[in-house]
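So this block is upload_5.cif, mmCIF, C-alpha atoms:
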data_query
#
loop_
_atom_site.label_atom_id
_atom_site.label_comp_id
_atom_site.auth_asym_id
_atom_site.auth_seq_id
_atom_site.Cartn_x
_atom_site.Cartn_y
_atom_site.Cartn_z
CA ILE A 1 -32.78 -12.99 -56.94
CA GLN A 2 -36.02 -11.51 -58.23
CA ASN A 3 -37.65 -14.85 -59.09
CA ASP A 4 -38.85 -16.65 -55.95
CA ALA A 5 -38.99 -20.03 -57.72
CA LEU A 6 -36.19 -22.51 -57.13
CA GLN A 7 -34.06 -22.73 -60.27
CA PRO A 8 -32.38 -25.92 -61.52
CA GLY A 9 -28.60 -26.20 -61.27
CA ALA A 10 -26.09 -24.35 -59.15
CA ALA A 11 -25.90 -20.55 -59.03
CA LEU A 12 -22.27 -20.85 -57.88
CA ASP A 13 -20.00 -23.89 -57.88
CA ILE A 14 -17.10 -23.56 -55.41
CA ARG A 15 -16.13 -27.24 -55.24
CA SER A 16 -12.70 -26.55 -56.74
CA ARG A 17 -12.06 -23.81 -54.15
CA VAL A 18 -12.83 -26.00 -51.13
CA SER A 19 -10.85 -29.05 -52.24
CA PRO A 20 -9.57 -31.28 -50.93
CA PRO A 21 -13.18 -32.06 -50.18
CA LEU A 22 -14.58 -32.90 -46.79
CA ASN A 23 -13.49 -36.37 -45.67
CA PRO A 24 -16.72 -37.97 -44.35
CA ALA A 25 -14.70 -40.87 -42.88
CA ASN A 26 -13.05 -38.40 -40.48
CA ALA A 27 -15.53 -37.24 -37.83
CA ASN A 28 -13.23 -34.27 -37.10
CA ASP A 29 -13.07 -32.92 -40.66
CA GLU A 30 -15.13 -29.73 -40.61
CA ARG A 31 -13.88 -28.06 -43.78
CA GLY A 32 -15.86 -26.89 -46.81
CA PHE A 33 -18.70 -24.45 -47.36
CA LEU A 34 -19.51 -22.82 -44.01
CA GLY A 35 -21.88 -19.92 -44.66
CA LEU A 36 -23.75 -17.65 -47.07
CA ALA A 37 -25.16 -14.15 -46.58
CA PHE A 38 -26.94 -11.84 -49.01
CA HIS A 39 -26.16 -8.14 -48.68
CA PRO A 40 -29.13 -6.27 -47.13
CA ASP A 41 -29.33 -4.18 -50.35
CA PHE A 42 -29.18 -7.24 -52.63
CA ASP A 43 -32.48 -6.26 -54.31
CA SER A 44 -31.91 -2.47 -54.24
CA PRO A 45 -30.70 -1.11 -57.61
CA GLY A 46 -28.25 1.75 -57.27
CA LYS A 47 -27.04 0.65 -53.81
CA ASP A 48 -23.50 -0.62 -53.14
CA GLY A 49 -24.75 -4.06 -52.12
CA TYR A 50 -27.01 -4.56 -55.14
CA ARG A 51 -26.71 -8.16 -56.40
CA THR A 52 -23.91 -8.85 -53.88
CA LEU A 53 -23.50 -11.90 -51.65
CA TYR A 54 -20.84 -13.33 -49.35
CA THR A 55 -19.59 -16.83 -48.70
CA TYR A 56 -17.60 -18.29 -45.82
CA SER A 57 -15.53 -21.40 -46.58
CA SER A 58 -12.35 -23.37 -45.90
CA GLU A 59 -9.86 -23.39 -48.77
CA PRO A 60 -6.38 -24.83 -49.26
CA LEU A 61 -3.65 -22.26 -48.76
CA PRO A 62 -1.34 -22.32 -51.80
CA VAL A 63 2.39 -22.52 -51.15
CA GLY A 64 3.53 -18.96 -50.54
CA GLY A 65 -0.07 -17.82 -50.06
CA THR A 66 -0.96 -15.22 -47.47
CA VAL A 67 -3.85 -14.66 -45.09
CA THR A 68 -5.30 -11.59 -43.41
CA TYR A 69 -4.89 -13.14 -39.96
CA ALA A 70 -2.24 -15.84 -39.42
CA ALA A 71 -2.77 -18.97 -37.35
CA PRO A 72 -1.61 -18.38 -33.76
CA ASN A 73 1.72 -19.50 -32.29
CA ASN A 74 3.46 -19.63 -35.68
CA ALA A 75 1.52 -22.82 -36.51
CA VAL A 76 1.91 -24.30 -39.98
CA GLN A 77 -0.97 -23.02 -42.10
CA ASN A 78 -2.29 -25.70 -44.44
CA PHE A 79 -5.46 -23.88 -45.41
CA LYS A 80 -7.52 -20.80 -44.63
CA ASN A 81 -11.06 -19.85 -43.75
CA VAL A 82 -12.21 -17.16 -46.17
CA VAL A 83 -14.98 -14.58 -46.35
CA ALA A 84 -15.44 -13.75 -50.03
CA GLU A 85 -17.66 -11.23 -51.80
CA TRP A 86 -19.38 -12.14 -55.08
CA LYS A 87 -21.57 -10.30 -57.59
CA MET A 88 -24.38 -11.76 -59.64
CA SER A 89 -23.73 -12.18 -63.36
CA ALA A 90 -24.62 -9.20 -65.54
CA SER A 91 -25.81 -11.55 -68.29
CA ASP A 92 -27.68 -14.15 -66.18
CA ALA A 93 -29.55 -12.98 -63.07
CA GLY A 94 -29.64 -16.57 -61.76
CA GLN A 95 -25.86 -17.05 -61.78
CA VAL A 96 -23.03 -15.69 -59.67
CA ASP A 97 -20.14 -14.28 -61.71
CA PRO A 98 -17.16 -16.45 -60.65
CA ALA A 99 -14.73 -13.74 -61.86
CA SER A 100 -16.25 -11.24 -59.42
CA ARG A 101 -14.83 -13.00 -56.34
CA ARG A 102 -13.08 -10.66 -53.91
CA GLU A 103 -11.46 -12.03 -50.77
CA VAL A 104 -12.63 -9.82 -47.90
CA MET A 105 -10.63 -11.53 -45.13
CA SER A 106 -9.01 -14.86 -44.36
CA PHE A 107 -7.79 -16.74 -41.31
CA GLY A 108 -4.84 -19.15 -41.38
CA LYS A 109 -5.72 -22.69 -40.26
CA ASN A 110 -3.52 -25.62 -39.29
CA ALA A 111 -6.14 -28.28 -38.59
CA GLY A 112 -9.15 -29.74 -40.37
CA ASN A 113 -11.41 -29.28 -37.36
CA HIS A 114 -12.82 -26.31 -35.45
CA ASN A 115 -13.92 -24.65 -38.69
CA GLY A 116 -17.49 -24.03 -37.60
CA GLY A 117 -19.16 -20.69 -37.67
CA THR A 118 -21.12 -18.71 -40.19
CA ILE A 119 -21.66 -15.21 -41.56
CA ALA A 120 -24.73 -13.00 -41.25
CA PHE A 121 -25.70 -9.36 -41.58
CA GLY A 122 -26.83 -7.74 -38.36
CA PRO A 123 -29.65 -5.20 -37.96
CA ASP A 124 -26.95 -2.50 -38.20
CA GLY A 125 -26.17 -3.62 -41.80
CA LEU A 126 -22.69 -4.90 -40.88
CA LEU A 127 -21.43 -8.36 -41.80
CA TYR A 128 -20.61 -10.52 -38.77
CA VAL A 129 -18.38 -13.60 -38.81
CA GLY A 130 -18.66 -16.40 -36.28
CA LEU A 131 -15.43 -18.43 -36.10
CA GLY A 132 -14.51 -21.89 -34.91
CA ALA A 133 -12.16 -22.33 -31.96
CA GLY A 134 -9.10 -23.18 -34.08
#
Just give me the structure as structure tokens.
Amino acid sequence: IQNDALQPGAALDIRSRVSPPLNPANANDERGFLGLAFHPDFDSPGKDGYRTLYTYSSEPLPVGGTVTYAAPNNAVQNFKNVVAEWKMSASDAGQVDPASRREVMSFGKNAGNHNGGTIAFGPDGLLYVGLGAG
């Protein structure tokens, strides 16, 4: 974002995507928003990554939903960890366009724990994903 000042409000609200929300009473519940990475060309007009960012989160897996990589050992998949691509709004530079969401990859999950990890761009310009042990 061009303006370095912190803006009021949320640029992107994904609460509905990560529900059911984290259960703070359960010390093993590690679901929710896990990571954020801005494309290295975020501020470079004309480049593929211009105004593009990525999130990493846990989301419920709808009945009949699919994932890029299934949970091992034919485990029941209740939710998925997702890397999603987003674009900034064309009409408001301080907002992410919720309709721009594109699921890049997802991992089937059968437990509410071992969902740690994050995403980050390396010096080679590639997006790296660190996964939990589940």
> Which of these, A:Ser16, A:Asn110, A:Asn115, A:Gln7, has the shortest distance to A:Asn73 once you count only C-alpha atoms?
Replying inline: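 Of A:Ser16, A:Asn110, A:Asn115, A:Gln7, the one nearest A:Asn73, counting only C-alpha atoms, is A:Asn110.
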*asked:* For the provided coordinates, the residues matched by the PyMOL selection byres ((chain A and resi 86) around 10) should be stated as JSON, numbers by chain.
replied: {"A": [12, 38, 51, 52, 53, 54, 55, 84, 85, 87, 88, 89, 96, 97, 98, 99, 100, 101, 102, 103]}
Can you tell me, as an mmCIF file with C-alpha atoms, keeping the file's coordinate frame, what residues are no more than 10 Å from A:His39 when counting only C-alpha atoms, ignoring any on the same chain fewer than 2 positions away?
data_model
loop_
_atom_site.group_PDB
_atom_site.id
_atom_site.type_symbol
_atom_site.label_atom_id
_atom_site.label_comp_id
_atom_site.auth_asym_id
_atom_site.auth_seq_id
_atom_site.Cartn_x
_atom_site.Cartn_y
_atom_site.Cartn_z
ATOM 1 C CA LEU A 36 -23.750 -17.650 -47.070
ATOM 2 C CA ALA A 37 -25.160 -14.150 -46.580
ATOM 3 C CA ASP A 41 -29.330 -4.180 -50.350
ATOM 4 C CA PHE A 42 -29.180 -7.240 -52.630
ATOM 5 C CA ASP A 43 -32.480 -6.260 -54.310
ATOM 6 C CA SER A 44 -31.910 -2.470 -54.240
ATOM 7 C CA ASP A 48 -23.500 -0.620 -53.140
ATOM 8 C CA GLY A 49 -24.750 -4.060 -52.120
ATOM 9 C CA TYR A 50 -27.010 -4.560 -55.140
ATOM 10 C CA ARG A 51 -26.710 -8.160 -56.400
ATOM 11 C CA THR A 52 -23.910 -8.850 -53.880
ATOM 12 C CA LEU A 53 -23.500 -11.900 -51.650
ATOM 13 C CA TYR A 54 -20.840 -13.330 -49.350
ATOM 14 C CA GLU A 85 -17.660 -11.230 -51.800
ATOM 15 C CA ALA A 120 -24.730 -13.000 -41.250
ATOM 16 C CA PHE A 121 -25.700 -9.360 -41.580
ATOM 17 C CA GLY A 125 -26.170 -3.620 -41.800
ATOM 18 C CA LEU A 126 -22.690 -4.900 -40.880
ATOM 19 C CA LEU A 127 -21.430 -8.360 -41.800
#
Evaluate the PyMOL selection byres ((chain A and resi 76) around 12) against this structure - the residues, as a list in words, please.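 The output of the PyMOL selection byres ((chain A and resi 76) around 12) on this file is Leu61, Val63, Gly64, Ala70, Ala71, Pro72, Asn73, Asn74, Ala75, Gln77, Asn78, Phe79, Lys80, Gly108, Lys109, Asn110 and Ala111 of chain A.
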| request: Go ahead and compute the interatomic distance for atom CA of A:Gly130 and atom CA of A:Ser57, in Å to one decimal. | output: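 For atom CA of A:Gly130 relative to atom CA of A:Ser57, the distance reads 11.9 Å.
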Q.
When you count all atoms listed in the file, which of these residues is closest to A:Pro8: A:Gly117, A:Pro62, A:Gly94, A:Gly46?
A.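 Using all atoms listed in the file, the shortest distance to A:Pro8 belongs to A:Gly94.
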Gap from atom CA of A:Gln95 to atom CA of A:Gly122 - Å, one decimal: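 These two atoms are separated by 25.2 Å.
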- Among the residues A:Ser58, A:Asn28, A:Thr68, A:Asn81, the one that comes closest to A:Arg15 [using all atoms listed in the file]: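 Ranked by minimum distance to A:Arg15, first place goes to A:Ser58.
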Min atom-atom distance to A:Asp13 from the set A:Leu131, A:Asn26, A:Phe33, A:Pro60, counting all atoms listed in the file, belongs to A:Phe33
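The coordinates place atom CA of A:Ala10 at 28.3 Å from atom CA of A:Gly65.
Candidate residues A:Gly112, A:Val82, A:Gly132, A:Thr118 were compared for distance to A:Ala27, and the nearest is A:Gly112, using all atoms listed in the file.
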Between A:Ala93, A:Gly32, A:Pro123, A:Tyr128, which residue has the minimum interatomic distance to A:Ala11, considering all atoms listed in the file?
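Ranked by minimum distance to A:Ala11, first place goes to A:Ala93.
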I need stretch 52-68 of chain A written out with all heavy atoms, as a PDB file, in the first residue's frame; please produce it.
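File produced: decode_30.pdb:
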ATOM      1  N   THR A  52      -0.780  -7.540  -5.217  1.00  0.00           N
ATOM      2  CA  THR A  52      -1.145  -8.924  -4.930  1.00  0.00           C
ATOM      3  C   THR A  52      -0.564  -9.346  -3.585  1.00  0.00           C
ATOM      4  O   THR A  52       0.583  -9.037  -3.276  1.00  0.00           O
ATOM      5  CB  THR A  52      -0.599  -9.856  -6.038  1.00  0.00           C
ATOM      6  OG1 THR A  52      -1.106  -9.420  -7.300  1.00  0.00           O
ATOM      7  CG2 THR A  52      -0.992 -11.295  -5.807  1.00  0.00           C
ATOM      8  N   LEU A  53      -1.365 -10.061  -2.804  1.00  0.00           N
ATOM      9  CA  LEU A  53      -0.909 -10.587  -1.526  1.00  0.00           C
ATOM     10  C   LEU A  53      -1.461 -11.993  -1.345  1.00  0.00           C
ATOM     11  O   LEU A  53      -2.365 -12.422  -2.070  1.00  0.00           O
ATOM     12  CB  LEU A  53      -1.337  -9.688  -0.366  1.00  0.00           C
ATOM     13  CG  LEU A  53      -2.839  -9.482  -0.205  1.00  0.00           C
ATOM     14  CD1 LEU A  53      -3.265  -9.819   1.193  1.00  0.00           C
ATOM     15  CD2 LEU A  53      -3.158  -8.024  -0.520  1.00  0.00           C
ATOM     16  N   TYR A  54      -0.901 -12.708  -0.362  1.00  0.00           N
ATOM     17  CA  TYR A  54      -1.259 -14.096  -0.115  1.00  0.00           C
ATOM     18  C   TYR A  54      -1.536 -14.292   1.365  1.00  0.00           C
ATOM     19  O   TYR A  54      -0.869 -13.690   2.211  1.00  0.00           O
ATOM     20  CB  TYR A  54      -0.115 -15.027  -0.550  1.00  0.00           C
ATOM     21  CG  TYR A  54       0.153 -14.932  -2.033  1.00  0.00           C
ATOM     22  CD1 TYR A  54       0.946 -13.912  -2.551  1.00  0.00           C
ATOM     23  CD2 TYR A  54      -0.441 -15.829  -2.912  1.00  0.00           C
ATOM     24  CE1 TYR A  54       1.152 -13.794  -3.911  1.00  0.00           C
ATOM     25  CE2 TYR A  54      -0.227 -15.720  -4.278  1.00  0.00           C
ATOM     26  CZ  TYR A  54       0.563 -14.697  -4.766  1.00  0.00           C
ATOM     27  OH  TYR A  54       0.761 -14.583  -6.124  1.00  0.00           O
ATOM     28  N   THR A  55      -2.520 -15.129   1.657  1.00  0.00           N
ATOM     29  CA  THR A  55      -2.818 -15.482   3.039  1.00  0.00           C
ATOM     30  C   THR A  55      -2.680 -16.991   3.204  1.00  0.00           C
ATOM     31  O   THR A  55      -2.802 -17.751   2.244  1.00  0.00           O
ATOM     32  CB  THR A  55      -4.238 -15.063   3.454  1.00  0.00           C
ATOM     33  OG1 THR A  55      -5.190 -15.663   2.575  1.00  0.00           O
ATOM     34  CG2 THR A  55      -4.389 -13.552   3.448  1.00  0.00           C
ATOM     35  N   TYR A  56      -2.443 -17.397   4.444  1.00  0.00           N
ATOM     36  CA  TYR A  56      -2.376 -18.805   4.808  1.00  0.00           C
ATOM     37  C   TYR A  56      -3.284 -18.967   6.012  1.00  0.00           C
ATOM     38  O   TYR A  56      -3.115 -18.280   7.024  1.00  0.00           O
ATOM     39  CB  TYR A  56      -0.932 -19.173   5.137  1.00  0.00           C
ATOM     40  CG  TYR A  56      -0.708 -20.611   5.545  1.00  0.00           C
ATOM     41  CD1 TYR A  56      -1.293 -21.668   4.856  1.00  0.00           C
ATOM     42  CD2 TYR A  56       0.111 -20.916   6.609  1.00  0.00           C
ATOM     43  CE1 TYR A  56      -1.070 -22.984   5.220  1.00  0.00           C
ATOM     44  CE2 TYR A  56       0.355 -22.226   6.985  1.00  0.00           C
ATOM     45  CZ  TYR A  56      -0.240 -23.246   6.289  1.00  0.00           C
ATOM     46  OH  TYR A  56      -0.016 -24.546   6.649  1.00  0.00           O
ATOM     47  N   SER A  57      -4.303 -19.837   5.905  1.00  0.00           N
ATOM     48  CA  SER A  57      -5.285 -19.974   6.977  1.00  0.00           C
ATOM     49  C   SER A  57      -5.878 -21.373   7.010  1.00  0.00           C
ATOM     50  O   SER A  57      -5.740 -22.142   6.064  1.00  0.00           O
ATOM     51  CB  SER A  57      -6.409 -18.946   6.790  1.00  0.00           C
ATOM     52  OG  SER A  57      -7.047 -19.146   5.536  1.00  0.00           O
ATOM     53  N   SER A  58      -6.551 -21.679   8.126  1.00  0.00           N
ATOM     54  CA  SER A  58      -7.330 -22.915   8.273  1.00  0.00           C
ATOM     55  C   SER A  58      -8.774 -22.564   7.982  1.00  0.00           C
ATOM     56  O   SER A  58      -9.285 -21.574   8.498  1.00  0.00           O
ATOM     57  CB  SER A  58      -7.258 -23.445   9.695  1.00  0.00           C
ATOM     58  OG  SER A  58      -5.961 -23.721  10.078  1.00  0.00           O
ATOM     59  N   GLU A  59      -9.442 -23.395   7.196  1.00  0.00           N
ATOM     60  CA  GLU A  59     -10.838 -23.151   6.844  1.00  0.00           C
ATOM     61  C   GLU A  59     -11.607 -24.455   6.917  1.00  0.00           C
ATOM     62  O   GLU A  59     -11.051 -25.519   6.640  1.00  0.00           O
ATOM     63  CB  GLU A  59     -10.948 -22.591   5.425  1.00  0.00           C
ATOM     64  CG  GLU A  59     -10.210 -21.298   5.230  1.00  0.00           C
ATOM     65  CD  GLU A  59     -10.336 -20.752   3.805  1.00  0.00           C
ATOM     66  OE1 GLU A  59     -11.078 -21.336   2.980  1.00  0.00           O
ATOM     67  OE2 GLU A  59      -9.682 -19.736   3.532  1.00  0.00           O
ATOM     68  N   PRO A  60     -12.891 -24.397   7.269  1.00  0.00           N
ATOM     69  CA  PRO A  60     -13.705 -25.623   7.228  1.00  0.00           C
ATOM     70  C   PRO A  60     -13.737 -26.169   5.806  1.00  0.00           C
ATOM     71  O   PRO A  60     -13.698 -25.406   4.836  1.00  0.00           O
ATOM     72  CB  PRO A  60     -15.092 -25.149   7.650  1.00  0.00           C
ATOM     73  CG  PRO A  60     -14.875 -23.860   8.360  1.00  0.00           C
ATOM     74  CD  PRO A  60     -13.651 -23.243   7.735  1.00  0.00           C
ATOM     75  N   LEU A  61     -13.780 -27.461   5.688  1.00  0.00           N
ATOM     76  CA  LEU A  61     -13.885 -28.106   4.377  1.00  0.00           C
ATOM     77  C   LEU A  61     -15.353 -28.459   4.162  1.00  0.00           C
ATOM     78  O   LEU A  61     -15.898 -29.299   4.880  1.00  0.00           O
ATOM     79  CB  LEU A  61     -13.011 -29.357   4.329  1.00  0.00           C
ATOM     80  CG  LEU A  61     -12.987 -30.126   3.009  1.00  0.00           C
ATOM     81  CD1 LEU A  61     -12.474 -29.243   1.874  1.00  0.00           C
ATOM     82  CD2 LEU A  61     -12.134 -31.364   3.145  1.00  0.00           C
ATOM     83  N   PRO A  62     -16.011 -27.805   3.199  1.00  0.00           N
ATOM     84  CA  PRO A  62     -17.431 -28.100   2.974  1.00  0.00           C
ATOM     85  C   PRO A  62     -17.633 -29.565   2.579  1.00  0.00           C
ATOM     86  O   PRO A  62     -16.739 -30.193   2.007  1.00  0.00           O
ATOM     87  CB  PRO A  62     -17.810 -27.188   1.802  1.00  0.00           C
ATOM     88  CG  PRO A  62     -16.696 -26.224   1.647  1.00  0.00           C
ATOM     89  CD  PRO A  62     -15.481 -26.835   2.265  1.00  0.00           C
ATOM     90  N   VAL A  63     -18.802 -30.090   2.895  1.00  0.00           N
ATOM     91  CA  VAL A  63     -19.126 -31.457   2.499  1.00  0.00           C
ATOM     92  C   VAL A  63     -18.960 -31.564   0.989  1.00  0.00           C
ATOM     93  O   VAL A  63     -19.443 -30.729   0.230  1.00  0.00           O
ATOM     94  CB  VAL A  63     -20.571 -31.811   2.915  1.00  0.00           C
ATOM     95  CG1 VAL A  63     -20.971 -33.169   2.362  1.00  0.00           C
ATOM     96  CG2 VAL A  63     -20.711 -31.779   4.426  1.00  0.00           C
ATOM     97  N   GLY A  64     -18.215 -32.565   0.559  1.00  0.00           N
ATOM     98  CA  GLY A  64     -17.955 -32.747  -0.865  1.00  0.00           C
ATOM     99  C   GLY A  64     -16.838 -31.873  -1.401  1.00  0.00           C
ATOM    100  O   GLY A  64     -16.499 -31.945  -2.576  1.00  0.00           O
ATOM    101  N   GLY A  65     -16.243 -31.043  -0.526  1.00  0.00           N
ATOM    102  CA  GLY A  65     -15.147 -30.169  -0.947  1.00  0.00           C
ATOM    103  C   GLY A  65     -13.889 -30.967  -1.233  1.00  0.00           C
ATOM    104  O   GLY A  65     -13.721 -32.088  -0.766  1.00  0.00           O
ATOM    105  N   THR A  66     -13.009 -30.374  -2.011  1.00  0.00           N
ATOM    106  CA  THR A  66     -11.759 -31.044  -2.359  1.00  0.00           C
ATOM    107  C   THR A  66     -10.575 -30.212  -1.898  1.00  0.00           C
ATOM    108  O   THR A  66     -10.713 -29.023  -1.604  1.00  0.00           O
ATOM    109  CB  THR A  66     -11.655 -31.274  -3.874  1.00  0.00           C
ATOM    110  OG1 THR A  66     -11.688 -30.008  -4.532  1.00  0.00           O
ATOM    111  CG2 THR A  66     -12.791 -32.141  -4.376  1.00  0.00           C
ATOM    112  N   VAL A  67      -9.419 -30.858  -1.845  1.00  0.00           N
ATOM    113  CA  VAL A  67      -8.171 -30.190  -1.479  1.00  0.00           C
ATOM    114  C   VAL A  67      -7.107 -30.565  -2.504  1.00  0.00           C
ATOM    115  O   VAL A  67      -7.232 -31.565  -3.209  1.00  0.00           O
ATOM    116  CB  VAL A  67      -7.704 -30.587  -0.058  1.00  0.00           C
ATOM    117  CG1 VAL A  67      -8.682 -30.095   0.986  1.00  0.00           C
ATOM    118  CG2 VAL A  67      -7.493 -32.083   0.066  1.00  0.00           C
ATOM    119  N   THR A  68      -6.068 -29.759  -2.580  1.00  0.00           N
ATOM    120  CA  THR A  68      -4.953 -30.064  -3.474  1.00  0.00           C
ATOM    121  C   THR A  68      -4.198 -31.294  -2.989  1.00  0.00           C
ATOM    122  O   THR A  68      -3.834 -32.166  -3.776  1.00  0.00           O
ATOM    123  CB  THR A  68      -3.994 -28.861  -3.556  1.00  0.00           C
ATOM    124  OG1 THR A  68      -4.736 -27.669  -3.833  1.00  0.00           O
ATOM    125  CG2 THR A  68      -2.958 -29.061  -4.636  1.00  0.00           C
TER     126      THR A  68
END
